[in-house]
Amino acid sequence: MSTTLADVIAVLEAAYPPALAESWDSVGLVCGDPADSVSRVVFAVDPTESVVDDAIASGADLLVVHHPLLLRGVDTVGAHTPKGALVHKLIKAGCALFSAHTNADSADPGVSDALADALGLTVLRPIEPKPSQPLDKWVVMVPIDRTDAVQGALFEAGAGRIGDYSECSWTVTGTGQFLPGDKATPAIGSVGALEQVSEDRIEVIAPRTERAAVLDALRTAHPYEEPAFDVFELATFPSSRGLGRIGELPHAETLREFTARVAGALPSTEWGVRAAGDPDAMVRTVAVCGGSGDSYLGVVSALGVDAYVTSDLRHHPADEHLRAGGPALVDVAHWASEYPWCAQAKSVVDAAFGSVPEWHSRVSTIRTDPWCLSAS
């Protein structure tokens, strides 16, 4: 049975959930039929013309990129436009295009994990953690002879999952009491007669997004016309997902040595690797943010790191950051900072499909950094 584009997308979206994308972003399938077979995949940072041509020439069925081709609003993908021409070229060649952008930035592991790994850092936490998944705790009272049925319905609706464990719950037995009114149709007892019933108190957690499904399952499976239940919104905590990463070097080294480490770890570009700060200052704890990261200058200063590696740093923000006593800065090319992610994404897909006959994947070696010339 062949691997379909839908199969590959499912694996990519499990690793880089679309829900993690920033609100302004555009991620996912750009073109391609989810029912088509896929056996050759190319990974790249940018869907430039040269990358698209190379993918098609190699017989790729799918091109997976970090940067979206159609990020801003468009009203045409006509072949007379640069981006439209690429879409037409891909469709005619039978090559799908898929992007994982800020969802890959915030995933665990994600873009900044790949950058940190390339630099030899042990990752400690995100620069800006996303909150843990919003959860509800459901407390349901049910006659003890119907506990299994109600509990099973809650599990089927998505409740009771904690990490790698499923069907998690806690139960204690007590006594329920009720007095059916004149218009009631009690499953147990009689109208006008006070009833006491041995009941189990079931406690489970469920994603808040599944609240409607869990409630429907509860009402459908419960024998009472008016089930007794409580729903508590649980507190959220910082998660391992989020933008940027804080990490540690195996041992301290000078900024001069660390800058050389960065240059040796990332693909070379005309942009190069630039550092700002005392060349002899010692560096051990490092913040990294693949892509443009000057919006986090204030955040990393408050975190007490020794250096911050990112891209697209501008003159005035960098100067003001250093004058305010912020950590040393290491500025690298945007493309170079995100290129290590390509190998990470490839490993995710290969883990799922690498044993499939005739499966082939590769990272494009084409440098898509726009800067092509430098002089000094």
# chains A, B, ... in the order shown; residues from 1 in each chain; ligands from 1

$ select_by_dssp --residues "segment 8-162 of chain A" --states "helix (DSSP H, G or I)" --output "number ranges by chain"
A: 8-15, 18-20, 49-57, 82-93, 102-106, 111-118, 144-156

$ residues_around --residues "Ser198 of chain A" --least-positions-apart "5" --cutoff "10 Å" --atoms "only C-alpha atoms" --output "MDAnalysis selection string"
chainID A and resid 141:145 173:177

$ residues_around --residues "Ala375 of chain A" --least-positions-apart "6" --cutoff "12 Å" --atoms "only C-alpha atoms" --output "list of chain:residue names"
A:Glu270, A:Trp271, A:Gly272

$ select_by_dssp --residues "segment 210-254 of chain A" --states "strand (DSSP E)" --output "PyMOL selection string"
chain A and resi 228-233+238-243+245-254

$ residues_around --residues "Thr122 of chain A" --least-positions-apart "6" --cutoff "7 Å" --atoms "only C-alpha atoms" --output "list in words"
Gly247, Glu248 and Leu249 of chain A

$ closest_residue --among "A:Gly290, A:Pro370, A:Pro186, A:Pro327" --to "Val111 of chain A" --atoms "only C-alpha atoms"
A:Gly290

$ residues_around --residues "Trp371 of chain A" --least-positions-apart "2" --cutoff "12 Å" --atoms "only C-alpha atoms" --output "MDAnalysis selection string"
chainID A and resid 268:272 333:336 367:369 373:375

$ write_last_selection --atoms "C-alpha atoms" --output "compact mmCIF listing (two decimals), in the first residue's frame"
# COMPACT_ATOMS: atom_id res chain seq x y z
CA SER A 268 28.38 29.98 5.39
CA THR A 269 26.70 32.99 3.79
CA GLU A 270 27.72 36.38 2.46
CA TRP A 271 25.99 37.84 5.51
CA GLY A 272 28.43 35.97 7.73
CA ALA A 333 21.86 35.10 8.30
CA HIS A 334 18.14 34.40 8.57
CA TRP A 335 18.35 31.42 6.19
CA ALA A 336 21.36 29.96 7.99
CA ARG A 367 21.36 28.41 -0.52
CA THR A 368 18.34 30.68 -0.57
CA ASP A 369 19.83 33.50 1.48
CA LEU A 373 27.83 39.37 -2.57
CA SER A 374 29.90 41.08 0.11
CA ALA A 375 32.90 43.40 0.11

$ residues_around --residues "Val286 of chain A" --least-positions-apart "5" --cutoff "6 Å" --atoms "only C-alpha atoms" --output "JSON, numbers by chain"
{"A": [246, 247, 248, 305, 306, 307, 308]}

$ write_last_selection --atoms "all heavy atoms" --output "mmCIF file, in the first residue's frame"
data_model
loop_
_atom_site.group_PDB
_atom_site.id
_atom_site.type_symbol
_atom_site.label_atom_id
_atom_site.label_comp_id
_atom_site.auth_asym_id
_atom_site.auth_seq_id
_atom_site.Cartn_x
_atom_site.Cartn_y
_atom_site.Cartn_z
ATOM 1 N N ILE A 246 16.425 28.571 25.419
ATOM 2 C CA ILE A 246 17.552 28.870 26.308
ATOM 3 C C ILE A 246 18.335 27.569 26.464
ATOM 4 O O ILE A 246 17.750 26.514 26.713
ATOM 5 C CB ILE A 246 17.078 29.342 27.691
ATOM 6 C CG1 ILE A 246 16.108 30.517 27.576
ATOM 7 C CG2 ILE A 246 18.283 29.714 28.561
ATOM 8 C CD1 ILE A 246 16.695 31.752 26.982
ATOM 9 N N GLY A 247 19.660 27.647 26.301
ATOM 10 C CA GLY A 247 20.469 26.450 26.430
ATOM 11 C C GLY A 247 21.813 26.741 27.070
ATOM 12 O O GLY A 247 22.155 27.904 27.327
ATOM 13 N N GLU A 248 22.542 25.673 27.333
ATOM 14 C CA GLU A 248 23.854 25.809 27.960
ATOM 15 C C GLU A 248 24.908 25.110 27.123
ATOM 16 O O GLU A 248 24.671 24.025 26.574
ATOM 17 C CB GLU A 248 23.850 25.192 29.364
ATOM 18 C CG GLU A 248 23.211 26.051 30.416
ATOM 19 C CD GLU A 248 23.397 25.459 31.810
ATOM 20 O OE1 GLU A 248 23.778 24.269 31.912
ATOM 21 O OE2 GLU A 248 23.171 26.183 32.791
ATOM 22 N N VAL A 305 20.921 35.585 30.381
ATOM 23 C CA VAL A 305 21.816 34.762 29.554
ATOM 24 C C VAL A 305 23.084 35.545 29.238
ATOM 25 O O VAL A 305 23.150 36.763 29.398
ATOM 26 C CB VAL A 305 21.109 34.311 28.254
ATOM 27 C CG1 VAL A 305 19.867 33.496 28.574
ATOM 28 C CG2 VAL A 305 20.752 35.514 27.379
ATOM 29 N N ASP A 306 24.094 34.822 28.774
ATOM 30 C CA ASP A 306 25.375 35.459 28.440
ATOM 31 C C ASP A 306 25.426 35.946 26.995
ATOM 32 O O ASP A 306 26.172 36.884 26.682
ATOM 33 C CB ASP A 306 26.522 34.477 28.668
ATOM 34 C CG ASP A 306 26.582 33.974 30.096
ATOM 35 O OD1 ASP A 306 26.433 34.802 31.013
ATOM 36 O OD2 ASP A 306 26.753 32.750 30.291
ATOM 37 N N ALA A 307 24.662 35.298 26.109
ATOM 38 C CA ALA A 307 24.683 35.679 24.697
ATOM 39 C C ALA A 307 23.352 35.307 24.062
ATOM 40 O O ALA A 307 22.630 34.423 24.542
ATOM 41 C CB ALA A 307 25.832 34.998 23.965
ATOM 42 N N TYR A 308 23.058 35.988 22.973
ATOM 43 C CA TYR A 308 21.810 35.759 22.248
ATOM 44 C C TYR A 308 22.127 35.627 20.770
ATOM 45 O O TYR A 308 22.698 36.533 20.167
ATOM 46 C CB TYR A 308 20.853 36.911 22.497
ATOM 47 C CG TYR A 308 19.521 36.823 21.781
ATOM 48 C CD1 TYR A 308 18.861 35.606 21.594
ATOM 49 C CD2 TYR A 308 18.889 37.980 21.304
ATOM 50 C CE1 TYR A 308 17.629 35.542 20.951
ATOM 51 C CE2 TYR A 308 17.656 37.925 20.670
ATOM 52 C CZ TYR A 308 17.037 36.700 20.492
ATOM 53 O OH TYR A 308 15.823 36.633 19.855
#
